[in-house]
Structures are given as C-alpha cells and as structure tokens.
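S.K.: Questions regarding the structure given below will be posed in turn.
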Amino acid sequence: MVRGKDCPIYTKYYKWFRRLCLLNIYETVKTSNKYQSRGYLLEKLLNALFKLSEINVTESFRRNRGAEQIDGAFELNGWHYLVECRWRKKPSDESNISGLYAKVGRSGSSTKGLFLSINGWSHNVPNLMKQNPEKTIILMNGGDLEHVLRGQIEPGTFIREKKKQLDLKAEPFYSAQEFLESQSKK
C-alpha cells in the first residue's frame with residue numbers, strides 16, 4: 001500500500017487544496033485597490049498555478065541587456081509562451097498587446113504569447129488581432145483564470161485548446177465557457 005506523498009490520493013487532494021488556496025488569494029486580491037501590486041501578484045499566482053499543474057515555468061525576467069521585461073514564460077508541448085499579465089481598472093487595448101507581439105517577434109520561431117488581462121480588452125482587440133498575419137498570441141481573461149482556479153479546466157489542456165483555436169480558426173480568444181460547453185457535447 002502506497003502512503004504519504006507518493007500516494008495518488010494524497011497528490012490529488014494536495015493539488016486540489018493548493019488550487020483552492022490560489023483561488024482564495026485571487027478572490028482576496030480582486031478587492032484590493034493597490035493596482036501595481038495586483039499585477040505583480042498575478043504573475044506569482046499564474047506561476048504557482050502552472051507549477052502545480054507540472055508545466056515548466058520561467059518566472060519574470062529581463063532580456064536584451066535589460067531592455068525588455070518579460071512577466072513570465074512557460075513551455076508546453078514543445079512551444080514556449082511569453083506571458084504578459086495585466087490587472088488594470090480598464091480593459092486592455094491594442095497598444096498593450098503590441099508590446100507582446102514585438103517580444104514574441106524577437107524570440108525563436110517556436111514561441112507564442114499569452115496575454116492575460118483580468119478585465120479583458122476592448123471589443124476591437126480580437127478583430128484587430130485576426131487581421132495580423134502573425135497568429136502568435138492567445139488571449140485569456142479573468143473569467144478564464146477563475147474557471148482554471150476552480151478546477152473546472154486543467155491549465156495545460158486549456159492552453160492547448162486555445163492554441164488550437166488560434167492555429168486552426170485564427171481565433172485569438174477562446175473562452176473557458178466555450179471550452180466547457182464543447183466538452184459537455186462530447
């Protein structure tokens with residue numbers, strides 16, 4: 001009989017408990033008016049979530065002799081993703097996403113971008129992204145993150161499906177709700 005940390009039941013409940021802790025932190029920070037610290041905490045929260053899901057993570061770093069700040073990065077199925085986290089009062093606009101396009105463009109050919117904006121983005125952002133010949137950035141909002149933190153979707157599975165929607169349908173935003181509805185039909 002397997003006991004302790006090697007026990008699959010222990011691992012399952014440990015991950016469930018840790019995810020609940022992360023959700024609690026997220027819910028607490030949502031009510032904070034310290035906007036700069038919220039963005040920093042969002043980076044840490046996403047890193048912890050990915051690590052918990054056994055996704056290889058690189059925490060915030062600078063590159064190009066300190067000229068570029070990268071909020072974080074991860075590797076999934078042979079692809080590297082640069083992460084930009086935004087938690088501002090207003091939805092993000094195309095100028096916020098342009099910076100991530102540039103960072104991804106200065107990276108290797110197997111690099112994509114994940115733009116996480118808790119309050120989403122202006123209505124024209126997905127349409128402008130569809131016009132861009134470089135289909136390299138997927139969008140994620142606070143609703144998506146909450147579904148993942150609640151354990152309704154595994155992060156790796158969701159990112160893979162978001163990438164598939166971008167690659168096959170040129171759709172930069174595929175919501176957690178759409179994903180869950182598609183899974184219920186199977």
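Within each chain, counting starts at residue 1; across the structure tokens, chains are named A, B, ... in the order shown, with ligands numbered 1 upward in that order.
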Taking only region 3-140 of chain A into account, list the residues labelled helix (DSSP H, G or I) by DSSP (computed from the backbone), as a ChimeraX atom specification.
M.R.: /A:4-6,8-30,35-52,94-105,125-131
S.K.: Excluding Tyr101 (chain A) and residues on its chain fewer than 6 positions from it, collect all residues at most 12 Å away from it, counting only C-alpha atoms, and give them as a ChimeraX atom specification.
M.R.: /A:81-84,94-95,107,111-115,129,132-138
S.K.: Pick from A:Gly151, A:Gly105, A:Pro172, A:Gly120: nearest to Cys21 (chain A), with only C-alpha atoms counted?
M.R.: A:Gly151
S.K.: From a DSSP calculation on the backbone, collect every residue of region 42-74 of chain A in strand (DSSP E) and output the set as an MDAnalysis selection string.
M.R.: chainID A and resid 56:63 68:74
S.K.: Write a file of the selected residues as a CSV table (one decimal), in the first residue's frame, keeping all heavy atoms.
M.R.:
chain,number,residue,atom,x,y,z
A,56,ASN,N,6.4,23.6,-17.1
A,56,ASN,CA,7.7,24.2,-16.8
A,56,ASN,C,7.5,25.7,-16.9
A,56,ASN,O,7.1,26.2,-18.0
A,56,ASN,CB,8.7,23.7,-17.9
A,56,ASN,CG,9.1,22.3,-17.7
A,56,ASN,OD1,9.1,21.8,-16.6
A,56,ASN,ND2,9.3,21.6,-18.8
A,57,VAL,N,7.9,26.4,-15.9
A,57,VAL,CA,7.7,27.9,-15.8
A,57,VAL,C,9.1,28.6,-15.6
A,57,VAL,O,10.0,28.1,-15.0
A,57,VAL,CB,6.9,28.2,-14.5
A,57,VAL,CG1,6.8,29.7,-14.3
A,57,VAL,CG2,5.5,27.6,-14.7
A,58,THR,N,9.2,29.7,-16.3
A,58,THR,CA,10.3,30.6,-16.0
A,58,THR,C,9.7,31.9,-15.4
A,58,THR,O,8.8,32.5,-16.1
A,58,THR,CB,11.0,31.0,-17.3
A,58,THR,OG1,11.5,29.8,-17.9
A,58,THR,CG2,12.2,31.9,-17.0
A,59,GLU,N,10.1,32.3,-14.3
A,59,GLU,CA,9.5,33.5,-13.6
A,59,GLU,C,10.0,34.7,-14.3
A,59,GLU,O,10.9,34.7,-15.1
A,59,GLU,CB,9.8,33.5,-12.1
A,59,GLU,CG,9.1,32.3,-11.5
A,59,GLU,CD,9.1,32.3,-9.9
A,59,GLU,OE1,9.5,33.3,-9.4
A,59,GLU,OE2,8.8,31.3,-9.3
A,60,SER,N,9.4,35.9,-13.9
A,60,SER,CA,9.7,37.2,-14.5
A,60,SER,C,11.2,37.4,-14.7
A,60,SER,O,12.0,37.0,-13.8
A,60,SER,CB,9.1,38.2,-13.6
A,60,SER,OG,9.4,39.5,-14.1
A,61,PHE,N,11.6,37.9,-15.9
A,61,PHE,CA,13.0,38.1,-16.2
A,61,PHE,C,13.1,39.3,-17.1
A,61,PHE,O,12.2,39.7,-17.8
A,61,PHE,CB,13.6,36.9,-16.7
A,61,PHE,CG,13.1,36.4,-18.0
A,61,PHE,CD1,13.7,36.7,-19.2
A,61,PHE,CD2,11.9,35.6,-18.0
A,61,PHE,CE1,13.1,36.2,-20.4
A,61,PHE,CE2,11.4,35.1,-19.2
A,61,PHE,CZ,12.0,35.4,-20.4
A,62,ARG,N,14.4,39.8,-17.3
A,62,ARG,CA,14.7,40.8,-18.2
A,62,ARG,C,15.6,40.2,-19.3
A,62,ARG,O,16.4,39.2,-19.0
A,62,ARG,CB,15.4,41.9,-17.6
A,62,ARG,CG,14.5,42.8,-16.7
A,62,ARG,CD,15.2,44.1,-16.3
A,62,ARG,NE,14.3,45.0,-15.7
A,62,ARG,CZ,13.4,45.8,-16.4
A,62,ARG,NH1,13.4,45.7,-17.7
A,62,ARG,NH2,12.6,46.5,-15.7
A,63,ARG,N,15.5,40.7,-20.5
A,63,ARG,CA,16.4,40.2,-21.6
A,63,ARG,C,16.8,41.4,-22.4
A,63,ARG,O,16.3,42.5,-22.2
A,63,ARG,CB,15.7,39.1,-22.4
A,63,ARG,CG,14.6,39.5,-23.2
A,63,ARG,CD,14.0,38.4,-24.0
A,63,ARG,NE,13.0,38.9,-25.0
A,63,ARG,CZ,12.4,38.2,-25.8
A,63,ARG,NH1,12.5,36.9,-25.8
A,63,ARG,NH2,11.5,38.7,-26.7
A,68,GLU,N,14.1,44.6,-22.1
A,68,GLU,CA,12.7,44.1,-22.1
A,68,GLU,C,12.4,43.4,-20.8
A,68,GLU,O,13.2,42.6,-20.3
A,68,GLU,CB,12.6,43.0,-23.2
A,68,GLU,CG,12.5,43.6,-24.6
A,68,GLU,CD,12.3,42.5,-25.6
A,68,GLU,OE1,12.9,41.4,-25.5
A,68,GLU,OE2,11.5,42.7,-26.5
A,69,GLN,N,11.2,43.6,-20.3
A,69,GLN,CA,10.7,42.9,-19.1
A,69,GLN,C,9.7,41.9,-19.6
A,69,GLN,O,8.8,42.2,-20.3
A,69,GLN,CB,10.1,43.9,-18.1
A,69,GLN,CG,9.2,43.3,-17.0
A,69,GLN,CD,10.0,42.6,-16.0
A,69,GLN,OE1,11.1,43.0,-15.7
A,69,GLN,NE2,9.5,41.5,-15.5
A,70,ILE,N,10.0,40.6,-19.2
A,70,ILE,CA,9.0,39.6,-19.5
A,70,ILE,C,8.4,39.1,-18.2
A,70,ILE,O,9.1,38.8,-17.2
A,70,ILE,CB,9.8,38.3,-20.1
A,70,ILE,CG1,10.7,38.8,-21.3
A,70,ILE,CG2,8.8,37.2,-20.5
A,70,ILE,CD1,9.9,39.3,-22.5
A,71,ASP,N,7.0,39.2,-18.2
A,71,ASP,CA,6.3,38.8,-16.9
A,71,ASP,C,6.5,37.4,-16.5
A,71,ASP,O,6.4,37.1,-15.3
A,71,ASP,CB,4.8,39.2,-17.1
A,71,ASP,CG,4.6,40.7,-17.1
A,71,ASP,OD1,5.5,41.4,-16.8
A,71,ASP,OD2,3.4,41.0,-17.4
A,72,GLY,N,6.8,36.5,-17.5
A,72,GLY,CA,6.9,35.1,-17.2
A,72,GLY,C,6.9,34.4,-18.5
A,72,GLY,O,6.6,34.9,-19.6
A,73,ALA,N,7.2,33.1,-18.4
A,73,ALA,CA,7.2,32.2,-19.6
A,73,ALA,C,7.0,30.8,-19.1
A,73,ALA,O,7.2,30.5,-18.0
A,73,ALA,CB,8.5,32.3,-20.3
A,74,PHE,N,6.5,30.0,-20.1
A,74,PHE,CA,6.3,28.6,-19.8
A,74,PHE,C,6.5,27.8,-21.1
A,74,PHE,O,6.4,28.4,-22.2
A,74,PHE,CB,4.9,28.3,-19.1
A,74,PHE,CG,3.7,28.6,-19.9
A,74,PHE,CD1,3.1,27.6,-20.7
A,74,PHE,CD2,3.2,29.9,-19.9
A,74,PHE,CE1,2.0,27.9,-21.5
A,74,PHE,CE2,2.1,30.2,-20.7
A,74,PHE,CZ,1.5,29.2,-21.5
S.K.: I'd like to know which of A:Ser117, A:Ser182, A:Ser175, A:Gln165 is closest to Gly39 (chain A), using only C-alpha atoms.
M.R.: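 Ranking A:Ser117, A:Ser182, A:Ser175, A:Gln165 by distance to Gly39 (chain A), first place goes to A:Ser117.
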S.K.: Would you write out, as CSV, a table of all residues in region 46-68 of chain A that have an atom no more than 10 Å from an atom of region 22-34 of chain A, listing for each the closest atom pair and the distance in Å to one decimal, considering only C-alpha atoms and ordering rows by chain and rising residue number?
M.R.:
residue,atom,partner,partner_atom,distance
A:Leu46,CA,A:Leu22,CA,9.1
A:Ala48,CA,A:Leu22,CA,8.0
A:Leu49,CA,A:Leu22,CA,7.5
S.K.: With N, CA and C atoms retained, could you export that selection as a PDB file, in the first residue's frame?
M.R.:
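Contents of the output file result-v5.pdb:
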ATOM      1  N   LEU A  46      -0.083  32.990 -11.334  1.00  0.00           N
ATOM      2  CA  LEU A  46      -0.052  32.198 -12.563  1.00  0.00           C
ATOM      3  C   LEU A  46       1.110  31.212 -12.534  1.00  0.00           C
ATOM      4  N   ALA A  48       2.520  29.899  -9.872  1.00  0.00           N
ATOM      5  CA  ALA A  48       2.194  28.841  -8.910  1.00  0.00           C
ATOM      6  C   ALA A  48       1.187  27.860  -9.500  1.00  0.00           C
ATOM      7  N   LEU A  49       0.202  28.374 -10.211  1.00  0.00           N
ATOM      8  CA  LEU A  49      -0.806  27.519 -10.843  1.00  0.00           C
ATOM      9  C   LEU A  49      -0.174  26.595 -11.882  1.00  0.00           C
TER      10      LEU A  49
END
S.K.: Rank nothing, just name the residue among A:Gly156, A:Leu20, A:Tyr40, A:Ser92 nearest to Trp79 (chain A), using only C-alpha atoms.
M.R.: A:Gly156
S.K.: Of the candidates A:Ile9, A:Arg150, A:Pro126, A:Leu45, which shows the shortest atom-to-atom distance to Leu166 (chain A), using only C-alpha atoms?
M.R.: A:Pro126
S.K.: Have a look at CA of Pro155 (chain A) and CA of Lys44 (chain A) and let me know their distance in Å, one decimal.
M.R.: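 A separation of 15.2 Å between them.
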